$ cat my_file-v2.txt   # compact mmCIF, N, CA and C atoms and all ligand atoms
# COMPACT_ATOMS: atom_id res chain seq x y z
N MET F 1 6.96 -17.92 2.24
CA MET F 1 5.98 -16.97 1.69
C MET F 1 6.70 -15.80 1.03
N MET F 2 6.13 -15.35 -0.11
CA MET F 2 6.71 -14.25 -0.87
C MET F 2 6.55 -12.92 -0.15
N CYS F 3 7.58 -12.09 -0.19
CA CYS F 3 7.52 -10.76 0.43
C CYS F 3 6.57 -9.89 -0.41
N PRO F 4 5.60 -9.19 0.24
CA PRO F 4 4.66 -8.36 -0.53
C PRO F 4 5.32 -7.10 -1.10
N ILE F 5 6.52 -6.78 -0.64
CA ILE F 5 7.19 -5.57 -1.11
C ILE F 5 8.09 -5.87 -2.30
N CYS F 6 8.92 -6.92 -2.19
CA CYS F 6 9.88 -7.19 -3.27
C CYS F 6 9.73 -8.57 -3.92
N GLY F 7 8.90 -9.43 -3.35
CA GLY F 7 8.66 -10.73 -3.95
C GLY F 7 9.68 -11.80 -3.59
N ALA F 8 10.68 -11.43 -2.76
CA ALA F 8 11.69 -12.41 -2.36
C ALA F 8 11.10 -13.39 -1.33
N ASP F 9 11.79 -14.49 -1.11
CA ASP F 9 11.34 -15.48 -0.15
C ASP F 9 11.51 -14.92 1.27
N SER F 10 10.68 -15.38 2.20
CA SER F 10 10.77 -14.88 3.57
C SER F 10 10.81 -16.03 4.56
N ALA F 11 11.22 -15.73 5.78
CA ALA F 11 11.24 -16.71 6.85
C ALA F 11 10.52 -16.15 8.05
N VAL F 12 9.97 -17.04 8.89
CA VAL F 12 9.28 -16.61 10.10
C VAL F 12 10.31 -16.22 11.15
N ALA F 13 10.24 -14.98 11.62
CA ALA F 13 11.18 -14.52 12.64
C ALA F 13 10.59 -14.75 14.03
N LEU F 14 9.26 -14.67 14.11
CA LEU F 14 8.60 -14.84 15.40
C LEU F 14 7.19 -15.38 15.17
N LYS F 15 6.84 -16.41 15.93
CA LYS F 15 5.50 -17.00 15.81
C LYS F 15 4.82 -16.83 17.15
N SER F 16 3.66 -16.18 17.18
CA SER F 16 2.96 -16.09 18.46
C SER F 16 1.56 -16.67 18.38
N GLU F 17 1.33 -17.66 19.25
CA GLU F 17 0.02 -18.31 19.35
C GLU F 17 -0.86 -17.41 20.19
N ARG F 18 -1.96 -16.97 19.63
CA ARG F 18 -2.90 -16.16 20.40
C ARG F 18 -4.20 -16.95 20.55
N ALA F 19 -4.16 -17.91 21.48
CA ALA F 19 -5.28 -18.83 21.67
C ALA F 19 -6.58 -18.08 21.98
N HIS F 20 -6.47 -17.02 22.80
CA HIS F 20 -7.69 -16.28 23.16
C HIS F 20 -8.29 -15.54 21.97
N GLU F 21 -7.47 -15.28 20.94
CA GLU F 21 -7.99 -14.62 19.73
C GLU F 21 -8.20 -15.64 18.61
N HIS F 22 -7.97 -16.93 18.92
CA HIS F 22 -8.12 -18.02 17.94
C HIS F 22 -7.29 -17.78 16.68
N ARG F 23 -6.08 -17.30 16.86
CA ARG F 23 -5.23 -17.13 15.68
C ARG F 23 -3.75 -17.22 16.04
N THR F 24 -2.97 -17.44 15.01
CA THR F 24 -1.52 -17.48 15.16
C THR F 24 -0.97 -16.36 14.30
N VAL F 25 -0.08 -15.56 14.88
CA VAL F 25 0.48 -14.43 14.15
C VAL F 25 1.95 -14.70 13.86
N PHE F 26 2.35 -14.46 12.62
CA PHE F 26 3.73 -14.68 12.22
C PHE F 26 4.40 -13.37 11.84
N SER F 27 5.52 -13.06 12.47
CA SER F 27 6.32 -11.91 12.05
C SER F 27 7.37 -12.47 11.10
N ARG F 28 7.39 -11.93 9.90
CA ARG F 28 8.28 -12.49 8.89
C ARG F 28 9.29 -11.46 8.41
N MET F 29 10.41 -11.97 7.87
CA MET F 29 11.39 -11.08 7.26
C MET F 29 11.88 -11.74 5.98
N CYS F 30 11.92 -10.92 4.89
CA CYS F 30 12.38 -11.48 3.61
C CYS F 30 13.91 -11.41 3.53
N THR F 31 14.46 -12.01 2.49
CA THR F 31 15.91 -12.06 2.35
C THR F 31 16.50 -10.67 2.10
N ASN F 32 15.64 -9.67 1.74
CA ASN F 32 16.12 -8.30 1.55
C ASN F 32 15.84 -7.42 2.78
N GLY F 33 15.39 -8.04 3.87
CA GLY F 33 15.23 -7.30 5.12
C GLY F 33 13.89 -6.62 5.34
N HIS F 34 12.91 -6.81 4.42
CA HIS F 34 11.59 -6.22 4.65
C HIS F 34 10.86 -7.04 5.71
N ARG F 35 10.17 -6.35 6.62
CA ARG F 35 9.40 -7.05 7.64
C ARG F 35 7.92 -6.95 7.34
N PHE F 36 7.19 -8.05 7.55
CA PHE F 36 5.74 -8.02 7.41
C PHE F 36 5.12 -9.07 8.31
N THR F 37 3.82 -8.95 8.55
CA THR F 37 3.13 -9.82 9.48
C THR F 37 1.99 -10.55 8.78
N THR F 38 1.85 -11.83 9.08
CA THR F 38 0.72 -12.59 8.56
C THR F 38 0.00 -13.26 9.72
N ALA F 39 -1.23 -13.68 9.48
CA ALA F 39 -1.98 -14.35 10.54
C ALA F 39 -2.68 -15.56 9.97
N GLU F 40 -2.83 -16.56 10.82
CA GLU F 40 -3.52 -17.79 10.44
C GLU F 40 -4.80 -17.85 11.27
N VAL F 41 -5.95 -17.88 10.57
CA VAL F 41 -7.25 -17.90 11.26
C VAL F 41 -8.07 -19.05 10.68
N PRO F 42 -8.68 -19.91 11.52
CA PRO F 42 -9.52 -20.98 10.97
C PRO F 42 -10.71 -20.35 10.22
N LEU F 43 -10.94 -20.79 9.00
CA LEU F 43 -12.03 -20.22 8.19
C LEU F 43 -13.39 -20.32 8.88
N THR F 44 -13.59 -21.39 9.65
CA THR F 44 -14.88 -21.58 10.32
C THR F 44 -15.17 -20.48 11.33
N LEU F 45 -14.11 -19.80 11.76
CA LEU F 45 -14.31 -18.74 12.74
C LEU F 45 -14.64 -17.40 12.10
N LEU F 46 -14.44 -17.30 10.81
CA LEU F 46 -14.77 -16.04 10.14
C LEU F 46 -16.28 -15.93 9.99
N ALA F 47 -16.77 -14.73 10.14
CA ALA F 47 -18.20 -14.45 10.24
C ALA F 47 -19.07 -15.27 9.28
N ASP F 48 -18.94 -15.08 8.00
CA ASP F 48 -19.66 -15.95 7.07
C ASP F 48 -18.93 -16.00 5.74
N LYS F 49 -19.22 -17.01 4.97
CA LYS F 49 -18.46 -17.31 3.76
C LYS F 49 -18.50 -16.15 2.76
N ARG F 50 -19.70 -15.59 2.59
CA ARG F 50 -19.83 -14.50 1.62
C ARG F 50 -18.98 -13.29 2.02
N GLU F 51 -19.00 -13.01 3.33
CA GLU F 51 -18.20 -11.89 3.84
C GLU F 51 -16.71 -12.12 3.58
N THR F 52 -16.28 -13.37 3.82
CA THR F 52 -14.88 -13.73 3.62
C THR F 52 -14.50 -13.57 2.14
N GLU F 53 -15.36 -14.08 1.26
CA GLU F 53 -15.08 -13.98 -0.17
C GLU F 53 -15.03 -12.54 -0.63
N CYS F 54 -15.92 -11.73 -0.07
CA CYS F 54 -15.96 -10.31 -0.42
C CYS F 54 -14.66 -9.63 0.05
N ALA F 55 -14.21 -9.97 1.26
CA ALA F 55 -12.98 -9.39 1.79
C ALA F 55 -11.79 -9.80 0.93
N LEU F 56 -11.76 -11.07 0.50
CA LEU F 56 -10.66 -11.55 -0.35
C LEU F 56 -10.66 -10.84 -1.70
N ARG F 57 -11.85 -10.64 -2.27
CA ARG F 57 -11.93 -9.93 -3.55
C ARG F 57 -11.41 -8.49 -3.41
N ASN F 58 -11.78 -7.87 -2.28
CA ASN F 58 -11.30 -6.51 -2.04
C ASN F 58 -9.78 -6.45 -1.94
N ILE F 59 -9.21 -7.44 -1.25
CA ILE F 59 -7.75 -7.48 -1.11
C ILE F 59 -7.11 -7.65 -2.49
N GLU F 60 -7.67 -8.58 -3.29
CA GLU F 60 -7.11 -8.81 -4.62
C GLU F 60 -7.23 -7.57 -5.51
N ARG F 61 -8.35 -6.87 -5.39
CA ARG F 61 -8.57 -5.65 -6.18
C ARG F 61 -7.54 -4.58 -5.79
N ARG F 62 -7.29 -4.47 -4.46
CA ARG F 62 -6.33 -3.47 -4.00
C ARG F 62 -4.91 -3.81 -4.43
N ILE F 63 -4.57 -5.09 -4.42
CA ILE F 63 -3.24 -5.52 -4.86
C ILE F 63 -3.06 -5.20 -6.35
N ALA F 64 -4.10 -5.50 -7.16
CA ALA F 64 -4.04 -5.24 -8.60
C ALA F 64 -3.88 -3.74 -8.86
N LEU F 65 -4.61 -2.93 -8.09
CA LEU F 65 -4.54 -1.48 -8.25
C LEU F 65 -3.15 -0.96 -7.86
N TYR F 66 -2.61 -1.50 -6.78
CA TYR F 66 -1.28 -1.08 -6.34
C TYR F 66 -0.23 -1.44 -7.40
N LYS F 67 -0.34 -2.65 -7.97
CA LYS F 67 0.61 -3.09 -9.00
C LYS F 67 0.51 -2.19 -10.22
N ARG F 68 -0.73 -1.84 -10.62
CA ARG F 68 -0.92 -0.97 -11.77
C ARG F 68 -0.29 0.40 -11.49
N ASN F 69 -0.56 0.94 -10.30
CA ASN F 69 -0.02 2.26 -9.96
C ASN F 69 1.51 2.25 -9.89
N ALA F 70 2.07 1.16 -9.38
CA ALA F 70 3.54 1.04 -9.32
C ALA F 70 4.11 1.02 -10.73
N ALA F 71 3.43 0.30 -11.65
CA ALA F 71 3.88 0.24 -13.04
C ALA F 71 3.82 1.63 -13.67
N ILE F 72 2.77 2.39 -13.36
CA ILE F 72 2.62 3.75 -13.89
C ILE F 72 3.74 4.65 -13.34
N ALA F 73 4.02 4.51 -12.04
CA ALA F 73 5.06 5.35 -11.42
C ALA F 73 6.43 5.06 -12.02
N LEU F 74 6.67 3.80 -12.39
CA LEU F 74 7.99 3.41 -12.92
C LEU F 74 8.12 3.64 -14.43
N ASP F 75 6.97 3.88 -15.10
CA ASP F 75 6.97 4.08 -16.56
C ASP F 75 7.56 5.45 -16.89
N SER F 76 8.65 5.45 -17.66
CA SER F 76 9.33 6.73 -17.92
C SER F 76 8.80 7.44 -19.16
N ARG F 77 7.80 6.88 -19.83
CA ARG F 77 7.26 7.53 -21.03
C ARG F 77 6.46 8.77 -20.64
N LEU F 78 6.11 9.56 -21.64
CA LEU F 78 5.34 10.79 -21.41
C LEU F 78 4.00 10.49 -20.74
N THR F 79 3.55 11.41 -19.89
CA THR F 79 2.28 11.28 -19.18
C THR F 79 1.13 10.98 -20.15
N LYS F 80 1.14 11.70 -21.29
CA LYS F 80 0.09 11.56 -22.30
C LYS F 80 0.01 10.11 -22.80
N VAL F 81 1.18 9.51 -23.06
CA VAL F 81 1.25 8.15 -23.61
C VAL F 81 0.77 7.14 -22.56
N VAL F 82 1.23 7.32 -21.31
CA VAL F 82 0.86 6.40 -20.23
C VAL F 82 -0.64 6.50 -19.95
N ALA F 83 -1.18 7.73 -19.93
CA ALA F 83 -2.60 7.94 -19.68
C ALA F 83 -3.44 7.21 -20.73
N ALA F 84 -3.03 7.31 -22.00
CA ALA F 84 -3.78 6.67 -23.08
C ALA F 84 -3.74 5.15 -22.94
N GLU F 85 -2.58 4.63 -22.57
CA GLU F 85 -2.44 3.18 -22.45
C GLU F 85 -3.31 2.60 -21.34
N TYR F 86 -3.42 3.32 -20.20
CA TYR F 86 -4.20 2.81 -19.07
C TYR F 86 -5.63 3.33 -19.05
N GLY F 87 -6.00 4.16 -20.03
CA GLY F 87 -7.35 4.70 -20.06
C GLY F 87 -7.63 5.65 -18.91
N LEU F 88 -6.63 6.43 -18.53
CA LEU F 88 -6.77 7.38 -17.44
C LEU F 88 -6.57 8.80 -17.98
N THR F 89 -6.96 9.79 -17.16
CA THR F 89 -6.67 11.17 -17.55
C THR F 89 -5.21 11.45 -17.20
N GLU F 90 -4.63 12.45 -17.86
CA GLU F 90 -3.23 12.81 -17.57
C GLU F 90 -3.10 13.29 -16.12
N ALA F 91 -4.14 13.98 -15.62
CA ALA F 91 -4.12 14.46 -14.24
C ALA F 91 -4.03 13.29 -13.26
N ARG F 92 -4.76 12.20 -13.55
CA ARG F 92 -4.75 11.02 -12.67
C ARG F 92 -3.37 10.37 -12.69
N VAL F 93 -2.75 10.30 -13.86
CA VAL F 93 -1.41 9.71 -13.97
C VAL F 93 -0.41 10.52 -13.14
N ARG F 94 -0.52 11.87 -13.24
CA ARG F 94 0.40 12.73 -12.46
C ARG F 94 0.18 12.53 -10.96
N GLN F 95 -1.12 12.37 -10.58
CA GLN F 95 -1.48 12.16 -9.18
C GLN F 95 -0.87 10.85 -8.66
N ILE F 96 -1.00 9.77 -9.45
CA ILE F 96 -0.47 8.47 -9.06
C ILE F 96 1.04 8.54 -8.93
N ARG F 97 1.70 9.18 -9.90
CA ARG F 97 3.16 9.30 -9.86
C ARG F 97 3.61 10.09 -8.64
N ALA F 98 2.89 11.17 -8.32
CA ALA F 98 3.26 11.99 -7.17
C ALA F 98 3.08 11.21 -5.87
N SER F 99 2.00 10.41 -5.80
CA SER F 99 1.74 9.69 -4.56
C SER F 99 2.73 8.57 -4.32
N LEU F 100 3.37 8.06 -5.38
CA LEU F 100 4.29 6.94 -5.20
C LEU F 100 5.77 7.34 -5.27
N SER F 101 6.04 8.63 -5.52
CA SER F 101 7.45 9.02 -5.55
C SER F 101 7.84 9.61 -4.20
N PRO F 102 9.14 9.54 -3.89
CA PRO F 102 9.59 10.04 -2.59
C PRO F 102 9.24 11.52 -2.45
N ARG F 103 8.76 11.88 -1.28
CA ARG F 103 8.33 13.27 -1.07
C ARG F 103 9.51 14.22 -1.00
N GLU F 104 9.32 15.35 -1.70
CA GLU F 104 10.35 16.39 -1.65
C GLU F 104 9.82 17.50 -0.77
N GLU F 105 10.72 18.27 -0.24
CA GLU F 105 10.31 19.40 0.59
C GLU F 105 9.62 20.44 -0.30
N GLN F 106 8.34 20.65 -0.06
CA GLN F 106 7.60 21.62 -0.87
C GLN F 106 7.68 22.99 -0.20
N PRO F 107 7.90 24.07 -1.01
CA PRO F 107 7.88 25.39 -0.39
C PRO F 107 6.47 25.70 0.10
N LYS F 108 6.34 26.29 1.27
CA LYS F 108 5.02 26.58 1.82
C LYS F 108 4.37 27.72 1.05
N PRO F 109 3.03 27.66 0.88
CA PRO F 109 2.36 28.78 0.22
C PRO F 109 2.65 30.09 0.96
N LYS F 110 2.64 31.18 0.21
CA LYS F 110 3.04 32.50 0.72
C LYS F 110 2.33 32.89 2.03
N THR F 111 1.00 32.71 2.08
CA THR F 111 0.25 33.14 3.28
C THR F 111 0.68 32.36 4.51
N ILE F 112 0.90 31.05 4.37
CA ILE F 112 1.32 30.23 5.51
C ILE F 112 2.71 30.68 5.96
N ALA F 113 3.61 30.94 5.00
CA ALA F 113 4.96 31.39 5.34
C ALA F 113 4.91 32.71 6.09
N LEU F 114 4.05 33.62 5.64
CA LEU F 114 3.92 34.92 6.31
C LEU F 114 3.40 34.76 7.74
N ASN F 115 2.37 33.91 7.91
CA ASN F 115 1.81 33.68 9.24
C ASN F 115 2.84 33.06 10.18
N LEU F 116 3.66 32.15 9.66
CA LEU F 116 4.69 31.53 10.48
C LEU F 116 5.71 32.57 10.95
N GLU F 117 6.07 33.50 10.02
CA GLU F 117 7.01 34.57 10.39
C GLU F 117 6.42 35.43 11.51
N ARG F 118 5.13 35.72 11.41
CA ARG F 118 4.45 36.54 12.44
C ARG F 118 4.48 35.83 13.78
N ILE F 119 4.19 34.53 13.78
CA ILE F 119 4.15 33.77 15.03
C ILE F 119 5.54 33.70 15.66
N GLU F 120 6.55 33.50 14.83
CA GLU F 120 7.91 33.36 15.34
C GLU F 120 8.51 34.68 15.84
N SER F 121 8.08 35.82 15.25
CA SER F 121 8.70 37.09 15.68
C SER F 121 7.95 37.74 16.86
ZN ZN F 201 11.23 -7.93 0.54
$ encode --input "my_file-v2.txt" --output "structure tokens" --more "lines below"
Ligand SMILES: [Zn+2]
Amino acid sequence: MMCPICGADSAVALKSERAHEHRTVFSRMCTNGHRFTTAEVPLTLLADKRETECALRNIERRIALYKRNAAIALDSRLTKVVAAEYGLTEARVRQIRASLSPREEQPKPKTIALNLERIES
């Protein structure tokens, strides 16, 4: 199975049969060391077909959205150009880029910094 993080091939590191939960859980690791978990559930045990299809559509929609956002975060062109290409506002593009880039230490707003000094002294 493909790793959801990097797309590399993966192997099952641990398989646990959970008979009381009617499922089998697989702990997997890809060739680049990412760990993820999958589960095998008989379709007949899922509540109803429509619910299952709806859940699958939601998962696919979220994957597509994540891929789009990752592409936006990696795009080095100007915010204006990227926003026009994806039909988004520039503010939304900046928001997506900020949410997917490594967090930097942000200076605390002045009032919070002052209150912290008061508490500490
Ligand atoms: Zn991986």
$ residues_near_ligand --input "my_file-v2.txt" --ligand "ligand ZN 201 (chain F)" --cutoff "6.5 Å" --atoms "only N, CA and C atoms and all ligand atoms" --output "list of chain:residue names"
F:Cys3, F:Pro4, F:Ile5, F:Cys6, F:Gly7, F:Ala8, F:Cys30, F:Thr31, F:Asn32, F:Gly33, F:His34, F:Arg35
$ write_last_selection --input "my_file-v2.txt" --atoms "N, CA and C atoms" --output "compact mmCIF listing (two decimals), in the coordinates of the input"
# COMPACT_ATOMS: atom_id res chain seq x y z
N CYS F 3 7.58 -12.09 -0.19
CA CYS F 3 7.52 -10.76 0.43
C CYS F 3 6.57 -9.89 -0.41
N PRO F 4 5.60 -9.19 0.24
CA PRO F 4 4.66 -8.36 -0.53
C PRO F 4 5.32 -7.10 -1.10
N ILE F 5 6.52 -6.78 -0.64
CA ILE F 5 7.19 -5.57 -1.11
C ILE F 5 8.09 -5.87 -2.30
N CYS F 6 8.92 -6.92 -2.19
CA CYS F 6 9.88 -7.19 -3.27
C CYS F 6 9.73 -8.57 -3.92
N GLY F 7 8.90 -9.43 -3.35
CA GLY F 7 8.66 -10.73 -3.95
C GLY F 7 9.68 -11.80 -3.59
N ALA F 8 10.68 -11.43 -2.76
CA ALA F 8 11.69 -12.41 -2.36
C ALA F 8 11.10 -13.39 -1.33
N CYS F 30 11.92 -10.92 4.89
CA CYS F 30 12.38 -11.48 3.61
C CYS F 30 13.91 -11.41 3.53
N THR F 31 14.46 -12.01 2.49
CA THR F 31 15.91 -12.06 2.35
C THR F 31 16.50 -10.67 2.10
N ASN F 32 15.64 -9.67 1.74
CA ASN F 32 16.12 -8.30 1.55
C ASN F 32 15.84 -7.42 2.78
N GLY F 33 15.39 -8.04 3.87
CA GLY F 33 15.23 -7.30 5.12
C GLY F 33 13.89 -6.62 5.34
N HIS F 34 12.91 -6.81 4.42
CA HIS F 34 11.59 -6.22 4.65
C HIS F 34 10.86 -7.04 5.71
N ARG F 35 10.17 -6.35 6.62
CA ARG F 35 9.40 -7.05 7.64
C ARG F 35 7.92 -6.95 7.34
$ atom_distance --input "my_file-v2.txt" --atom1 "atom CA of F:Glu60" --atom2 "atom CA of F:Leu88"
20.7 Å
$ closest_atom_pairs --input "my_file-v2.txt" --of "stretch 38-85 of chain F" --to "stretch 10-21 of chain F" --cutoff "12 Å" --atoms "only C-alpha atoms" --output "Markdown table"
| residue | atom | partner | partner_atom | distance |
| --- | --- | --- | --- | --- |
| F:Thr38 | CA | F:Val12 | CA | 9.6 |
| F:Ala39 | CA | F:Ser16 | CA | 9.5 |
| F:Glu40 | CA | F:Glu17 | CA | 9.6 |
| F:Val41 | CA | F:Glu21 | CA | 9.1 |
| F:Pro42 | CA | F:Glu21 | CA | 10.9 |
| F:Leu45 | CA | F:Glu21 | CA | 10.3 |
| F:Leu46 | CA | F:Glu21 | CA | 11.8 |
$ closest_residue --input "my_file-v2.txt" --among "F:Leu56, F:Arg61, F:Met2, F:Val93" --to "F:Arg77" --atoms "only C-alpha atoms"
F:Val93
$ closest_residue --input "my_file-v2.txt" --among "F:Ala98, F:Leu65, F:Ile72, F:Leu114" --to "F:Ala84" --atoms "only C-alpha atoms"
F:Ile72
$ atom_distance --input "my_file-v2.txt" --atom1 "atom N of F:Leu100" --atom2 "atom N of F:Ile59"
20.4 Å
$ atom_distance --input "my_file-v2.txt" --atom1 "atom CA of F:Arg94" --atom2 "atom CA of F:Arg68"
13.8 Å
$ select_by_dssp --input "my_file-v2.txt" --residues "chain F" --states "alpha helix (DSSP H)" --output "NGL selection string"
:F and (49-74 or 79-86 or 90-100 or 110-120)
$ build_atoms --input "my_file-v2.txt" --residues "stretch 21-31 of chain F" --atoms "all heavy atoms" --output "PDB file, in the frame of the given file"
ATOM      1  N   GLU F  21      -7.470 -15.280  20.940  1.00  0.00           N
ATOM      2  CA  GLU F  21      -7.990 -14.620  19.730  1.00  0.00           C
ATOM      3  C   GLU F  21      -8.200 -15.640  18.610  1.00  0.00           C
ATOM      4  O   GLU F  21      -8.533 -15.259  17.486  1.00  0.00           O
ATOM      5  CB  GLU F  21      -7.016 -13.535  19.265  1.00  0.00           C
ATOM      6  CG  GLU F  21      -6.925 -12.354  20.206  1.00  0.00           C
ATOM      7  CD  GLU F  21      -5.837 -11.362  19.803  1.00  0.00           C
ATOM      8  OE1 GLU F  21      -5.394 -11.384  18.637  1.00  0.00           O
ATOM      9  OE2 GLU F  21      -5.435 -10.580  20.679  1.00  0.00           O
ATOM     10  N   HIS F  22      -7.970 -16.930  18.920  1.00  0.00           N
ATOM     11  CA  HIS F  22      -8.120 -18.020  17.940  1.00  0.00           C
ATOM     12  C   HIS F  22      -7.290 -17.780  16.680  1.00  0.00           C
ATOM     13  O   HIS F  22      -7.757 -17.969  15.577  1.00  0.00           O
ATOM     14  CB  HIS F  22      -9.585 -18.231  17.568  1.00  0.00           C
ATOM     15  CG  HIS F  22     -10.446 -18.477  18.754  1.00  0.00           C
ATOM     16  ND1 HIS F  22     -10.435 -19.672  19.431  1.00  0.00           N
ATOM     17  CD2 HIS F  22     -11.313 -17.661  19.407  1.00  0.00           C
ATOM     18  CE1 HIS F  22     -11.269 -19.605  20.437  1.00  0.00           C
ATOM     19  NE2 HIS F  22     -11.812 -18.392  20.461  1.00  0.00           N
ATOM     20  N   ARG F  23      -6.080 -17.300  16.860  1.00  0.00           N
ATOM     21  CA  ARG F  23      -5.230 -17.130  15.680  1.00  0.00           C
ATOM     22  C   ARG F  23      -3.750 -17.220  16.040  1.00  0.00           C
ATOM     23  O   ARG F  23      -3.376 -17.087  17.185  1.00  0.00           O
ATOM     24  CB  ARG F  23      -5.521 -15.811  14.982  1.00  0.00           C
ATOM     25  CG  ARG F  23      -5.249 -14.610  15.849  1.00  0.00           C
ATOM     26  CD  ARG F  23      -5.517 -13.337  15.080  1.00  0.00           C
ATOM     27  NE  ARG F  23      -5.605 -12.220  16.014  1.00  0.00           N
ATOM     28  CZ  ARG F  23      -5.474 -10.974  15.656  1.00  0.00           C
ATOM     29  NH1 ARG F  23      -5.243 -10.672  14.414  1.00  0.00           N
ATOM     30  NH2 ARG F  23      -5.569 -10.012  16.539  1.00  0.00           N
ATOM     31  N   THR F  24      -2.970 -17.440  15.010  1.00  0.00           N
ATOM     32  CA  THR F  24      -1.520 -17.480  15.160  1.00  0.00           C
ATOM     33  C   THR F  24      -0.970 -16.360  14.300  1.00  0.00           C
ATOM     34  O   THR F  24      -1.361 -16.204  13.147  1.00  0.00           O
ATOM     35  CB  THR F  24      -0.973 -18.838  14.674  1.00  0.00           C
ATOM     36  OG1 THR F  24      -1.675 -19.865  15.368  1.00  0.00           O
ATOM     37  CG2 THR F  24       0.500 -18.964  14.959  1.00  0.00           C
ATOM     38  N   VAL F  25      -0.080 -15.560  14.880  1.00  0.00           N
ATOM     39  CA  VAL F  25       0.480 -14.430  14.150  1.00  0.00           C
ATOM     40  C   VAL F  25       1.950 -14.700  13.860  1.00  0.00           C
ATOM     41  O   VAL F  25       2.681 -15.170  14.729  1.00  0.00           O
ATOM     42  CB  VAL F  25       0.303 -13.118  14.959  1.00  0.00           C
ATOM     43  CG1 VAL F  25       1.027 -11.963  14.293  1.00  0.00           C
ATOM     44  CG2 VAL F  25      -1.185 -12.797  15.111  1.00  0.00           C
ATOM     45  N   PHE F  26       2.350 -14.460  12.620  1.00  0.00           N
ATOM     46  CA  PHE F  26       3.730 -14.680  12.220  1.00  0.00           C
ATOM     47  C   PHE F  26       4.400 -13.370  11.840  1.00  0.00           C
ATOM     48  O   PHE F  26       3.892 -12.638  10.978  1.00  0.00           O
ATOM     49  CB  PHE F  26       3.791 -15.607  10.985  1.00  0.00           C
ATOM     50  CG  PHE F  26       3.141 -16.944  11.199  1.00  0.00           C
ATOM     51  CD1 PHE F  26       1.798 -17.130  10.886  1.00  0.00           C
ATOM     52  CD2 PHE F  26       3.858 -18.002  11.724  1.00  0.00           C
ATOM     53  CE1 PHE F  26       1.185 -18.365  11.077  1.00  0.00           C
ATOM     54  CE2 PHE F  26       3.257 -19.247  11.928  1.00  0.00           C
ATOM     55  CZ  PHE F  26       1.922 -19.425  11.598  1.00  0.00           C
ATOM     56  N   SER F  27       5.520 -13.060  12.470  1.00  0.00           N
ATOM     57  CA  SER F  27       6.320 -11.910  12.050  1.00  0.00           C
ATOM     58  C   SER F  27       7.370 -12.470  11.100  1.00  0.00           C
ATOM     59  O   SER F  27       8.101 -13.374  11.465  1.00  0.00           O
ATOM     60  CB  SER F  27       7.001 -11.265  13.254  1.00  0.00           C
ATOM     61  OG  SER F  27       6.022 -10.791  14.131  1.00  0.00           O
ATOM     62  N   ARG F  28       7.390 -11.930   9.900  1.00  0.00           N
ATOM     63  CA  ARG F  28       8.280 -12.490   8.890  1.00  0.00           C
ATOM     64  C   ARG F  28       9.290 -11.460   8.410  1.00  0.00           C
ATOM     65  O   ARG F  28       9.062 -10.257   8.521  1.00  0.00           O
ATOM     66  CB  ARG F  28       7.466 -12.967   7.680  1.00  0.00           C
ATOM     67  CG  ARG F  28       6.484 -14.044   8.021  1.00  0.00           C
ATOM     68  CD  ARG F  28       5.736 -14.444   6.770  1.00  0.00           C
ATOM     69  NE  ARG F  28       5.286 -15.805   6.868  1.00  0.00           N
ATOM     70  CZ  ARG F  28       5.968 -16.859   6.413  1.00  0.00           C
ATOM     71  NH1 ARG F  28       7.095 -16.711   5.785  1.00  0.00           N
ATOM     72  NH2 ARG F  28       5.497 -18.065   6.579  1.00  0.00           N
ATOM     73  N   MET F  29      10.410 -11.970   7.870  1.00  0.00           N
ATOM     74  CA  MET F  29      11.390 -11.080   7.260  1.00  0.00           C
ATOM     75  C   MET F  29      11.880 -11.740   5.980  1.00  0.00           C
ATOM     76  O   MET F  29      12.170 -12.921   5.952  1.00  0.00           O
ATOM     77  CB  MET F  29      12.564 -10.816   8.200  1.00  0.00           C
ATOM     78  CG  MET F  29      13.521  -9.810   7.593  1.00  0.00           C
ATOM     79  SD  MET F  29      14.447  -8.795   8.747  1.00  0.00           S
ATOM     80  CE  MET F  29      15.362  -9.976   9.654  1.00  0.00           C
ATOM     81  N   CYS F  30      11.920 -10.920   4.890  1.00  0.00           N
ATOM     82  CA  CYS F  30      12.380 -11.480   3.610  1.00  0.00           C
ATOM     83  C   CYS F  30      13.910 -11.410   3.530  1.00  0.00           C
ATOM     84  O   CYS F  30      14.554 -10.808   4.380  1.00  0.00           O
ATOM     85  CB  CYS F  30      11.735 -10.747   2.437  1.00  0.00           C
ATOM     86  SG  CYS F  30      12.570  -9.229   1.951  1.00  0.00           S
ATOM     87  N   THR F  31      14.460 -12.010   2.490  1.00  0.00           N
ATOM     88  CA  THR F  31      15.910 -12.060   2.350  1.00  0.00           C
ATOM     89  C   THR F  31      16.500 -10.670   2.100  1.00  0.00           C
ATOM     90  O   THR F  31      17.699 -10.464   2.238  1.00  0.00           O
ATOM     91  CB  THR F  31      16.330 -13.009   1.203  1.00  0.00           C
ATOM     92  OG1 THR F  31      15.574 -12.666   0.038  1.00  0.00           O
ATOM     93  CG2 THR F  31      16.045 -14.462   1.556  1.00  0.00           C
TER      94      THR F  31
END
